[in-house]
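File shown here: upload.csv, holding CSV, C-alpha atoms and all ligand atoms.
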chain,number,residue,atom,x,y,z
A,1,MET,CA,72.0,40.3,75.2
A,2,GLU,CA,71.2,39.4,71.6
A,3,GLU,CA,68.6,36.9,72.9
A,4,ALA,CA,67.0,39.6,75.1
A,5,ARG,CA,66.8,42.0,72.2
A,6,ARG,CA,65.3,39.4,69.9
A,7,HIS,CA,62.7,38.6,72.5
A,8,THR,CA,61.8,42.3,73.0
A,9,LEU,CA,61.4,42.8,69.2
A,10,THR,CA,59.3,39.6,69.0
A,11,LEU,CA,56.8,41.0,71.4
A,12,VAL,CA,56.3,44.2,69.4
A,13,GLU,CA,56.6,42.6,65.9
A,14,PRO,CA,52.8,42.4,65.3
A,15,LEU,CA,52.2,46.0,66.2
A,16,THR,CA,51.5,49.0,63.9
A,17,GLU,CA,53.3,52.3,64.4
A,18,GLU,CA,50.0,53.7,65.8
A,19,GLN,CA,49.8,50.9,68.4
A,20,LEU,CA,53.4,51.5,69.4
A,21,ASN,CA,52.9,55.2,69.9
A,22,ARG,CA,49.5,55.0,71.5
A,23,VAL,CA,48.8,55.6,75.2
A,24,TYR,CA,46.4,52.9,76.2
A,25,ASP,CA,46.3,53.7,79.9
A,26,PRO,CA,47.8,56.6,81.9
A,27,ILE,CA,49.4,54.0,84.3
A,28,LEU,CA,51.4,52.4,81.5
A,29,SER,CA,53.9,54.0,79.1
A,30,PRO,CA,53.4,53.7,75.4
A,31,LEU,CA,55.4,50.8,74.1
A,32,ILE,CA,57.6,53.1,72.1
A,33,TRP,CA,58.8,54.7,75.3
A,34,ASP,CA,59.8,51.3,76.7
A,35,LEU,CA,61.8,50.6,73.5
A,36,GLY,CA,63.7,53.9,73.6
A,37,HIS,CA,64.2,53.6,77.4
A,38,ILE,CA,65.7,50.0,77.1
A,39,ALA,CA,68.3,51.3,74.6
A,40,ASN,CA,68.9,54.5,76.5
A,41,PHE,CA,69.6,52.6,79.7
A,42,GLU,CA,72.1,50.5,77.8
A,43,GLU,CA,73.7,53.6,76.4
A,44,LEU,CA,73.9,55.3,79.8
A,45,TRP,CA,75.5,52.3,81.6
A,46,LEU,CA,77.5,50.4,79.0
A,47,VAL,CA,78.5,53.1,76.6
A,48,GLN,CA,78.7,56.3,78.7
A,49,ARG,CA,79.5,55.0,82.2
A,50,ILE,CA,81.6,51.9,81.3
A,51,GLY,CA,82.9,53.0,77.9
A,52,GLY,CA,83.4,56.7,78.9
A,53,ARG,CA,81.9,57.8,75.6
A,54,GLU,CA,79.6,60.7,74.8
A,55,PRO,CA,75.9,59.9,74.2
A,56,LEU,CA,74.5,59.8,70.6
A,57,ARG,CA,72.0,62.4,71.5
A,58,GLY,CA,72.4,64.3,74.8
A,59,ASP,CA,68.7,65.1,75.3
A,60,LEU,CA,67.6,61.5,75.4
A,61,GLY,CA,68.9,60.7,78.8
A,62,GLU,CA,66.4,63.1,80.4
A,63,LEU,CA,63.4,61.9,78.3
A,64,TYR,CA,64.0,58.3,79.2
A,65,ASP,CA,64.7,58.8,82.9
A,66,ALA,CA,62.0,56.7,84.6
A,67,ILE,CA,62.2,58.7,87.8
A,68,GLU,CA,62.1,62.1,86.0
A,69,GLN,CA,59.2,61.2,83.6
A,70,PRO,CA,56.2,59.7,85.3
A,71,ARG,CA,54.3,57.2,83.1
A,72,LYS,CA,51.2,59.4,82.6
A,73,ILE,CA,53.2,62.0,80.7
A,74,ARG,CA,55.5,59.7,78.7
A,75,GLY,CA,53.1,59.8,75.7
A,76,GLU,CA,53.5,63.6,75.4
A,77,LEU,CA,57.2,63.7,75.5
A,78,PRO,CA,59.2,64.4,72.3
A,79,ILE,CA,60.6,60.8,72.4
A,80,LEU,CA,61.8,58.8,69.5
A,81,LYS,CA,58.9,57.5,67.4
A,82,ALA,CA,58.6,54.1,65.7
A,83,ASP,CA,60.7,54.9,62.7
A,84,GLU,CA,63.5,56.5,64.8
A,85,VAL,CA,63.7,54.1,67.7
A,86,ARG,CA,65.0,51.0,65.9
A,87,PRO,CA,68.0,52.7,64.3
A,88,TYR,CA,68.8,54.2,67.8
A,89,MET,CA,68.6,50.8,69.4
A,90,GLU,CA,71.0,49.4,66.7
A,91,GLN,CA,73.5,52.3,67.0
A,92,VAL,CA,73.6,51.9,70.8
A,93,ARG,CA,74.1,48.2,70.5
A,94,GLU,CA,77.0,48.6,68.0
A,95,ARG,CA,78.8,50.9,70.5
A,96,THR,CA,78.0,48.6,73.4
A,97,LEU,CA,79.7,45.7,71.7
A,98,GLU,CA,82.7,47.9,70.8
A,99,VAL,CA,83.0,48.8,74.5
A,100,LEU,CA,82.6,45.2,75.6
A,101,ASP,CA,85.4,44.3,73.3
A,102,GLU,CA,87.8,46.7,75.0
A,103,ILE,CA,86.7,46.3,78.6
A,104,GLU,CA,88.4,44.3,81.4
A,105,LEU,CA,85.9,43.1,84.0
A,106,ASP,CA,87.9,44.5,86.8
A,107,PRO,CA,87.2,42.5,89.9
A,108,GLU,CA,88.0,45.5,92.1
A,109,ASP,CA,85.2,47.6,90.5
A,110,PRO,CA,81.9,46.4,92.0
A,111,VAL,CA,80.0,47.5,88.9
A,112,LEU,CA,82.2,45.4,86.6
A,113,ALA,CA,83.1,42.5,88.9
A,114,ASP,CA,81.6,39.2,87.5
A,115,GLY,CA,80.0,41.4,84.8
A,116,PHE,CA,77.5,42.8,87.2
A,117,VAL,CA,76.5,45.8,85.0
A,118,TYR,CA,75.9,43.4,82.0
A,119,GLU,CA,73.6,41.2,84.2
A,120,MET,CA,71.8,44.3,85.4
A,121,LEU,CA,71.3,45.5,81.8
A,122,LEU,CA,69.9,42.1,80.8
A,123,ALA,CA,67.6,42.0,83.9
A,124,HIS,CA,66.4,45.5,83.0
A,125,GLU,CA,65.4,44.6,79.4
A,126,HIS,CA,63.7,41.4,80.7
A,127,GLN,CA,61.8,43.3,83.3
A,128,HIS,CA,60.6,45.9,80.8
A,129,ASN,CA,59.3,43.0,78.6
A,130,GLU,CA,56.9,42.2,81.5
A,131,THR,CA,55.7,45.9,81.7
A,132,MET,CA,55.2,45.7,77.9
A,133,LEU,CA,53.1,42.6,78.3
A,134,GLN,CA,50.9,44.4,80.9
A,135,LEU,CA,50.1,46.9,78.1
A,136,LEU,CA,49.7,44.2,75.4
A,137,GLN,CA,46.8,42.8,77.5
A,138,MET,CA,44.9,45.9,76.3
A,139,VAL,CA,45.8,45.8,72.7
A,140,GLU,CA,42.9,44.8,70.4
A,141,ALA,CA,43.5,41.7,68.4
A,142,TYR,CA,47.1,41.3,69.4
A,143,GLU,CA,48.4,38.1,67.7
A,144,PRO,CA,51.7,37.0,69.2
A,145,ALA,CA,54.5,36.5,66.6
A,146,ARG,CA,55.6,33.4,68.6
A,147,VAL,CA,53.9,31.2,71.1
A,148,ASP,CA,55.8,28.5,73.0
A,149,GLY,CA,54.4,25.7,75.1
A,150,SER,CA,51.0,24.9,76.3
A,151,PRO,CA,51.2,25.3,80.1
A,152,ALA,CA,47.5,24.5,80.5
A,153,GLU,CA,48.3,20.9,79.5
A,154,GLU,CA,50.5,20.3,82.5
A,155,PRO,CA,49.0,17.4,84.5
A,156,VAL,CA,47.5,18.7,87.7
A,157,ALA,CA,48.1,16.8,90.9
A,158,GLU,CA,45.6,16.5,93.8
A,159,GLY,CA,46.8,17.4,97.3
A,160,PRO,CA,45.8,19.0,100.5
A,161,GLU,CA,44.5,22.6,100.4
A,162,MET,CA,47.3,23.8,102.7
A,163,VAL,CA,50.8,22.6,103.5
A,164,MET,CA,52.9,23.2,106.7
A,165,VAL,CA,56.1,25.2,107.0
A,166,GLU,CA,58.2,24.4,110.1
A,167,GLY,CA,58.8,27.1,112.6
A,168,GLY,CA,62.2,28.2,113.7
A,169,SER,CA,65.1,30.0,112.0
A,170,HIS,CA,64.9,30.5,108.3
A,171,GLU,CA,67.5,32.1,106.0
A,172,ILE,CA,66.1,34.9,103.9
A,173,GLY,CA,67.6,36.8,101.0
A,174,ALA,CA,70.2,36.3,98.2
A,175,ARG,CA,73.6,34.8,99.0
A,176,ASP,CA,76.7,36.9,98.3
A,177,VAL,CA,77.7,35.2,95.1
A,178,GLY,CA,75.8,35.6,91.8
A,179,PHE,CA,73.6,38.4,90.5
A,180,ALA,CA,70.9,39.8,92.8
A,181,TYR,CA,69.5,43.2,93.4
A,182,ASP,CA,70.6,45.3,96.4
A,183,ASN,CA,67.2,44.9,98.1
A,184,GLU,CA,67.7,41.1,98.3
A,185,ARG,CA,70.7,41.4,100.5
A,186,PRO,CA,72.2,40.8,103.0
A,187,ARG,CA,71.0,37.3,103.6
A,188,HIS,CA,69.9,37.0,107.2
A,189,SER,CA,68.0,34.8,109.5
A,190,VAL,CA,64.4,35.3,110.5
A,191,GLU,CA,62.5,33.4,113.3
A,192,LEU,CA,59.1,32.2,112.2
A,193,GLU,CA,56.3,30.5,114.0
A,194,PRO,CA,55.1,27.4,112.2
A,195,PHE,CA,52.4,28.2,109.7
A,196,LEU,CA,50.2,26.8,106.9
A,197,ILE,CA,50.3,28.0,103.3
A,198,ASP,CA,48.0,27.2,100.4
A,199,ARG,CA,49.5,24.4,98.3
A,200,THR,CA,48.5,26.2,95.0
A,201,PRO,CA,47.6,29.8,94.0
A,202,VAL,CA,44.0,30.8,94.6
A,203,THR,CA,41.8,29.8,91.5
A,204,ASN,CA,39.4,31.7,89.5
A,205,ALA,CA,36.6,29.3,90.8
A,206,ALA,CA,37.5,30.2,94.4
A,207,TYR,CA,37.6,33.9,93.6
A,208,ALA,CA,34.2,33.7,91.7
A,209,ALA,CA,32.7,32.0,94.9
A,210,TYR,CA,34.0,35.0,96.9
A,211,LEU,CA,32.5,37.4,94.4
A,212,GLU,CA,29.2,35.6,94.6
A,213,ASP,CA,29.2,35.7,98.4
A,214,THR,CA,30.3,39.3,98.9
A,215,GLY,CA,29.4,41.2,95.7
A,216,ALA,CA,32.9,42.5,95.5
A,217,GLU,CA,34.3,44.0,92.3
A,218,PRO,CA,35.6,41.4,89.8
A,219,PRO,CA,39.3,41.3,88.8
A,220,MET,CA,40.5,43.6,86.0
A,221,TYR,CA,39.4,42.4,82.6
A,222,TRP,CA,36.4,40.4,84.0
A,223,ARG,CA,32.7,41.0,83.3
A,224,ARG,CA,29.5,39.1,83.7
A,225,ASP,CA,28.0,37.4,80.6
A,226,GLY,CA,24.7,36.0,81.8
A,227,GLU,CA,25.6,33.3,84.5
A,228,ALA,CA,29.3,33.2,83.4
A,229,TRP,CA,32.3,35.3,84.1
A,230,VAL,CA,34.2,36.2,81.0
A,231,ARG,CA,37.5,38.0,80.6
A,232,THR,CA,38.8,40.1,77.6
A,233,VAL,CA,42.5,40.3,77.0
A,234,MET,CA,44.4,41.1,73.8
A,235,GLY,CA,41.0,41.8,72.3
A,236,ARG,CA,39.7,38.2,72.8
A,237,THR,CA,36.8,37.4,75.1
A,238,GLU,CA,36.9,34.0,76.8
A,239,VAL,CA,35.0,32.3,79.6
A,240,VAL,CA,37.1,32.5,82.8
A,241,GLU,CA,38.9,29.1,83.2
A,242,PRO,CA,37.9,28.0,86.7
A,243,GLU,CA,41.0,25.9,87.5
A,244,GLN,CA,43.5,28.6,86.6
A,245,PRO,CA,44.9,31.0,89.2
A,246,VAL,CA,43.1,34.3,89.6
A,247,VAL,CA,45.2,37.2,88.2
A,248,HIS,CA,45.0,41.0,88.0
A,249,VAL,CA,43.8,41.6,91.6
A,250,SER,CA,45.0,44.4,93.8
A,251,TRP,CA,46.6,44.0,97.2
A,252,HIS,CA,43.4,45.2,98.8
A,253,GLU,CA,41.4,42.6,96.9
A,254,ALA,CA,43.9,39.8,97.8
A,255,ASP,CA,43.8,40.8,101.4
A,256,ALA,CA,40.0,40.9,101.5
A,257,PHE,CA,39.8,37.5,99.8
A,258,ALA,CA,42.2,36.0,102.3
A,259,ARG,CA,40.1,37.3,105.2
A,260,TRP,CA,36.9,36.0,103.6
A,261,ALA,CA,38.6,32.6,103.3
A,262,GLY,CA,39.4,32.6,107.1
A,263,LYS,CA,43.1,33.1,106.2
A,264,ARG,CA,45.6,35.9,105.7
A,265,LEU,CA,48.3,36.9,103.2
A,266,PRO,CA,51.7,35.4,104.0
A,267,THR,CA,54.4,37.8,105.2
A,268,GLU,CA,57.4,38.1,102.9
A,269,PRO,CA,59.7,35.9,105.0
A,270,GLU,CA,57.0,33.3,105.3
A,271,TRP,CA,56.6,33.3,101.5
A,272,GLU,CA,60.3,32.9,101.0
A,273,ALA,CA,60.5,30.1,103.5
A,274,ALA,CA,57.7,28.3,101.8
A,275,ALA,CA,59.3,28.7,98.4
A,276,ASN,CA,62.6,27.2,99.5
A,277,GLY,CA,63.5,24.4,97.0
A,278,ALA,CA,61.3,25.7,94.2
A,279,SER,CA,63.0,25.6,90.8
A,280,ARG,CA,62.5,28.2,88.0
A,281,GLU,CA,63.4,25.6,85.4
A,282,ARG,CA,60.0,23.8,86.1
A,283,ALA,CA,57.6,26.7,86.2
A,284,ASN,CA,55.3,28.6,83.9
A,285,LEU,CA,57.7,31.5,83.1
A,286,ASP,CA,59.2,33.3,80.1
A,287,GLN,CA,56.1,35.0,78.6
A,288,LEU,CA,55.5,33.0,75.5
A,289,SER,CA,52.8,30.8,77.0
A,290,PHE,CA,50.7,34.0,77.1
A,291,GLY,CA,48.7,32.7,80.0
A,292,CYS,CA,48.5,30.6,83.2
A,293,SER,CA,48.7,26.9,83.7
A,294,LYS,CA,46.1,25.3,86.0
A,295,ALA,CA,46.5,25.6,89.7
A,296,GLY,CA,48.3,22.4,90.8
A,297,ALA,CA,50.4,22.0,87.7
A,298,TYR,CA,54.2,21.4,88.0
A,299,ALA,CA,53.5,19.2,91.0
A,300,ASP,CA,56.8,17.3,90.4
A,301,ALA,CA,58.6,20.6,91.1
A,302,ALA,CA,57.0,21.4,94.5
A,303,SER,CA,59.0,23.4,97.0
A,304,ASP,CA,60.4,21.7,100.1
A,305,CYS,CA,57.2,22.2,102.0
A,306,GLY,CA,55.1,20.8,99.2
A,307,ALA,CA,53.7,24.0,97.7
A,308,VAL,CA,53.5,24.1,93.9
A,309,GLN,CA,53.8,27.0,91.5
A,310,MET,CA,55.7,29.2,94.0
A,311,LEU,CA,57.5,30.4,90.9
A,312,GLY,CA,55.7,31.4,87.7
A,313,ASP,CA,52.1,31.7,86.7
A,314,VAL,CA,51.1,34.7,89.0
A,315,TRP,CA,53.0,37.1,91.2
A,316,GLU,CA,51.7,36.6,94.8
A,317,TRP,CA,50.9,39.5,97.1
A,318,THR,CA,52.5,39.3,100.5
A,319,SER,CA,51.3,41.3,103.6
A,320,SER,CA,54.6,43.0,103.9
A,321,ASP,CA,55.7,46.6,103.1
A,322,PHE,CA,58.8,47.0,100.9
A,323,THR,CA,61.5,47.7,103.4
A,324,ALA,CA,65.3,47.3,103.7
A,325,TYR,CA,66.8,44.2,105.1
A,326,PRO,CA,69.0,44.7,108.2
A,327,GLY,CA,72.4,45.9,106.9
A,328,PHE,CA,71.1,47.0,103.5
A,329,ARG,CA,73.5,49.0,101.2
A,330,ALA,CA,72.2,50.7,98.1
A,331,PHE,CA,74.0,49.4,95.0
A,332,PRO,CA,74.6,50.4,92.3
A,333,TYR,CA,72.2,53.4,92.6
A,334,PRO,CA,69.6,54.4,95.3
A,335,GLU,CA,66.9,54.8,92.7
A,336,TYR,CA,66.7,51.1,92.1
A,337,SER,CA,65.3,50.2,95.6
A,338,GLU,CA,66.1,52.6,98.3
A,339,VAL,CA,63.9,55.4,97.2
A,340,PHE,CA,60.9,53.1,97.3
A,341,PHE,CA,61.4,51.7,100.8
A,342,GLY,CA,58.6,52.6,103.3
A,343,ASP,CA,54.9,51.8,103.8
A,344,THR,CA,53.8,52.9,100.3
A,345,TYR,CA,54.5,49.7,98.4
A,346,LYS,CA,53.6,46.1,99.1
A,347,VAL,CA,55.9,43.2,98.1
A,348,LEU,CA,54.9,40.6,95.5
A,349,ARG,CA,56.9,37.4,95.1
A,350,GLY,CA,57.5,34.5,92.7
A,351,GLY,CA,57.1,35.9,89.2
A,352,ALA,CA,54.3,35.2,86.7
A,353,TRP,CA,54.0,33.6,83.3
A,354,ALA,CA,54.8,37.1,82.0
A,355,THR,CA,58.2,37.2,83.8
A,356,ARG,CA,61.3,36.1,81.9
A,357,ARG,CA,62.8,33.0,83.5
A,358,ASP,CA,66.2,34.5,84.2
A,359,VAL,CA,64.7,37.4,86.2
A,360,ILE,CA,63.2,35.2,88.9
A,361,ARG,CA,64.7,33.7,92.1
A,362,THR,CA,63.1,32.7,95.4
A,363,SER,CA,64.7,35.8,96.9
A,364,PHE,CA,63.5,38.2,94.2
A,365,ARG,CA,61.4,41.1,95.6
A,366,ASN,CA,58.9,42.9,93.4
A,367,TRP,CA,56.9,45.8,94.8
A,368,ASP,CA,53.9,47.9,93.8
A,369,LEU,CA,51.1,50.1,95.0
A,370,PRO,CA,48.4,48.2,96.8
A,371,ILE,CA,45.8,49.5,94.4
A,372,ARG,CA,47.5,48.1,91.3
A,373,ARG,CA,46.0,45.4,89.2
A,374,GLN,CA,47.3,45.8,85.7
A,375,ILE,CA,50.2,43.7,86.9
A,376,PHE,CA,50.1,39.8,86.8
A,377,SER,CA,49.2,39.6,90.5
A,378,GLY,CA,47.5,36.7,92.2
A,379,ILE,CA,46.9,35.3,95.7
A,380,ARG,CA,48.2,32.5,97.9
A,381,CYS,CA,46.9,32.5,101.5
A,382,ALA,CA,48.5,31.5,104.8
A,383,ARG,CA,47.2,30.8,108.2
A,384,ASP,CA,48.7,30.5,111.7
A,385,GLU,CA,49.3,26.9,112.6
A,386,SER,CA,47.5,27.4,115.9
A,387,GLU,CA,44.4,28.5,114.2
A,388,ALA,CA,44.2,25.5,111.9
A,389,PRO,CA,41.1,23.4,112.4
A,390,GLY,CA,43.3,20.3,111.8
A,391,LEU,CA,44.9,19.1,108.6
A,392,SER,CA,42.3,16.9,107.0
A,401,FE,FE,63.7,50.9,83.3
In structure tokens, what does this structure look like?
Amino acid sequence: MEEARRHTLTLVEPLTEEQLNRVYDPILSPLIWDLGHIANFEELWLVQRIGGREPLRGDLGELYDAIEQPRKIRGELPILKADEVRPYMEQVRERTLEVLDEIELDPEDPVLADGFVYEMLLAHEHQHNETMLQLLQMVEAYEPARVDGSPAEEPVAEGPEMVMVEGGSHEIGARDVGFAYDNERPRHSVELEPFLIDRTPVTNAAYAAYLEDTGAEPPMYWRRDGEAWVRTVMGRTEVVEPEQPVVHVSWHEADAFARWAGKRLPTEPEWEAAANGASRERANLDQLSFGCSKAGAYADAASDCGAVQMLGDVWEWTSSDFTAYPGFRAFPYPEYSEVFFGDTYKVLRGGAWATRRDVIRTSFRNWDLPIRRQIFSGIRCARDESEAPGLS
């Protein structure tokens, strides 16, 4: 928990109070809301619910309720400002540690068994770090306090455009042991026809060729500069790197690209079957690379079917709606997953460079509106095996 907090504070370290409080885009909370919300969620679960204590300030629970307060109004709420939020975060943490000292991780209580609620808290802070990075893309002249690794220097391996995934019965979802969200369970079998999947995520070069051919709108942050495509993030404008995966595309754009390429988006079970055997330890994750590696990197860590970068670099849109697995049970609260089930949201898989490593698993399901592109979303296409013009 200390590591997670250090990481959160590292991300916001270079920012002024004005930048922390500012609403950059109505679809993203001001960073100051995220900070207060991270601490308030900790207070709610670990201090109030587990510790049975009163909140430090009773009105904060409502202000930081993500369901009650839609993102577009969060900048107008009387939330804690930059000078108030850090003391609040520290006071909550002090009480959290007092509770942790006293508590028994009762194996009979599903919220406490194996420390579930502590894992949930960690995952929550990690996941807010990614939302914060979405906003940081828009912050002029943001200079990270810490940069780790140079993912672009990973050697890139050559290989076929697509790899084959065997048909038959595939096990999908998280096993019963270990931390996972309710929506990843129960693990179940799915029958799949054999199919092909792109070995790497779709590159900027391929996406630029599609734009050239169709005149479609470019991804978020791109614009034309003469003959070249350039992108501006964190206040810096750079020529789009052709070999890196395309990022910041909506589901509609991903779907249109796939059809243009004579392919389709994979279904969620297809994606998970193709990701089987991928390791999060060898993947561009954990945020501090501040960008993608080239498509085809981490080839020594390919999944069982031979696909690379199934984890890390960019989230990959699937064709599937976010729905419940057969036998789903909401835990620990319906507002995590259940209220989002239906045909409104599309599932993304695999995590991005902006995802903390401990968040991601091959069974992890992310979901968002099909119009969204401020997220770190990219594309990997699939194709029915029967439609393949032969693997050459
Ligand atoms: Fe949250």
*Got a sec to check which residues sit within 10 Å of (37.8, 39.3, 77.6), counting all atoms listed in the file, and write them as a ChimeraX atom specification?*
/A:137-138,220-223,229-240
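If you look at atom CA of Arg5 of chain A and atom CA of Gly351 of chain A, they are 20.5 Å away from each other.
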Select from chain A every residue with an atom at most 7 Å from any atom of ligand FE 401 (chain A), then for each give the shortest pair of atoms and their distance in Å to one decimal, using only C-alpha atoms and all ligand atoms, rows by chain and rising number, as CSV.
residue,atom,partner,partner_atom,distance
A:His37,CA,A:FE401,FE,6.5
A:Ile38,CA,A:FE401,FE,6.6
A:Ala66,CA,A:FE401,FE,6.2
A:His124,CA,A:FE401,FE,6.0
A:His128,CA,A:FE401,FE,6.4
What are the nearest atom pairs, with distances in Å to one decimal, for all residues of segment 162-199 of chain A that come at most 9 Å from segment 337-350 of chain A, using all atoms listed in the file, set out by chain and rising residue number as a tab-separated table?
residue	atom	partner	partner_atom	distance
A:Tyr181	CA	A:Ser337	CA	8.5
A:Asp182	CA	A:Ser337	CA	7.3
A:Asn183	CA	A:Ser337	CA	6.2
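Closest approach to Ser189 of chain A among A:Asp304, A:Glu76, A:Asp148, A:Glu270 is made by A:Glu270 (distances from all atoms listed in the file).
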At most 10 Å is the cut-off: for each residue in segment 166-196 of chain A with any atom that close to an atom of segment 274-293 of chain A, write down the nearest atom pair and the distance in Å rounded to one decimal, counting only C-alpha atoms, chain first then increasing number, as CSV.
residue,atom,partner,partner_atom,distance
A:Glu166,CA,A:Ala274,CA,9.2
A:His170,CA,A:Asn276,CA,9.7
A:Glu171,CA,A:Asn276,CA,9.5
A:Ile172,CA,A:Asn276,CA,9.5
A:Phe195,CA,A:Ala274,CA,9.5
A:Leu196,CA,A:Ala274,CA,9.2
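Compared by their closest atoms to Glu68 of chain A, and using only C-alpha atoms, the residues A:Glu335, A:Glu18, A:Ala141, A:His248 rank with A:Glu335 nearest.
Here atom CA of Ser319 of chain A is placed at a distance of 15.4 Å from atom CA of Pro201 of chain A.
Remark: for Met162 of chain A, the closest of the candidate residues A:Arg365, A:Arg380, A:Arg49, A:Arg356 is A:Arg380 (distances computed over only C-alpha atoms).
For the atom pair formed by atom CA of Pro194 of chain A and atom CA of Ser169 of chain A, the distance is 10.3 Å, given to one decimal.
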Could you add the missing atoms to segment 221-236 of chain A, up to N, CA and C atoms, and return them as a CSV table (one decimal), in the coordinates of the input?
chain,number,residue,atom,x,y,z
A,221,TYR,N,39.7,43.1,83.8
A,221,TYR,CA,39.4,42.4,82.6
A,221,TYR,C,38.2,41.4,82.6
A,222,TRP,N,37.6,41.3,83.9
A,222,TRP,CA,36.4,40.4,84.0
A,222,TRP,C,35.1,41.2,83.8
A,223,ARG,N,34.1,40.5,83.3
A,223,ARG,CA,32.7,41.0,83.3
A,223,ARG,C,31.8,39.8,83.3
A,224,ARG,N,30.6,40.1,83.7
A,224,ARG,CA,29.5,39.1,83.7
A,224,ARG,C,29.0,38.9,82.3
A,225,ASP,N,28.7,37.7,81.9
A,225,ASP,CA,28.0,37.4,80.6
A,225,ASP,C,27.0,36.4,81.0
A,226,GLY,N,25.8,36.9,81.4
A,226,GLY,CA,24.7,36.0,81.8
A,226,GLY,C,25.2,35.4,83.2
A,227,GLU,N,25.2,34.0,83.2
A,227,GLU,CA,25.6,33.3,84.5
A,227,GLU,C,27.2,33.3,84.6
A,228,ALA,N,27.8,33.4,83.4
A,228,ALA,CA,29.3,33.2,83.4
A,228,ALA,C,30.1,34.4,83.6
A,229,TRP,N,31.3,34.2,84.1
A,229,TRP,CA,32.3,35.3,84.1
A,229,TRP,C,33.2,35.1,82.8
A,230,VAL,N,33.3,36.2,82.1
A,230,VAL,CA,34.2,36.2,81.0
A,230,VAL,C,35.3,37.2,81.2
A,231,ARG,N,36.5,37.0,80.5
A,231,ARG,CA,37.5,38.0,80.6
A,231,ARG,C,38.0,38.3,79.1
A,232,THR,N,38.3,39.6,78.9
A,232,THR,CA,38.8,40.1,77.6
A,232,THR,C,40.2,40.6,77.8
A,233,VAL,N,41.1,39.9,77.1
A,233,VAL,CA,42.5,40.3,77.0
A,233,VAL,C,43.0,40.2,75.6
A,234,MET,N,43.8,41.1,75.2
A,234,MET,CA,44.4,41.1,73.8
A,234,MET,C,43.2,41.1,72.8
A,235,GLY,N,42.1,41.7,73.2
A,235,GLY,CA,41.0,41.8,72.3
A,235,GLY,C,40.1,40.5,72.2
A,236,ARG,N,40.5,39.5,72.9
A,236,ARG,CA,39.7,38.2,72.8
A,236,ARG,C,39.0,38.0,74.1
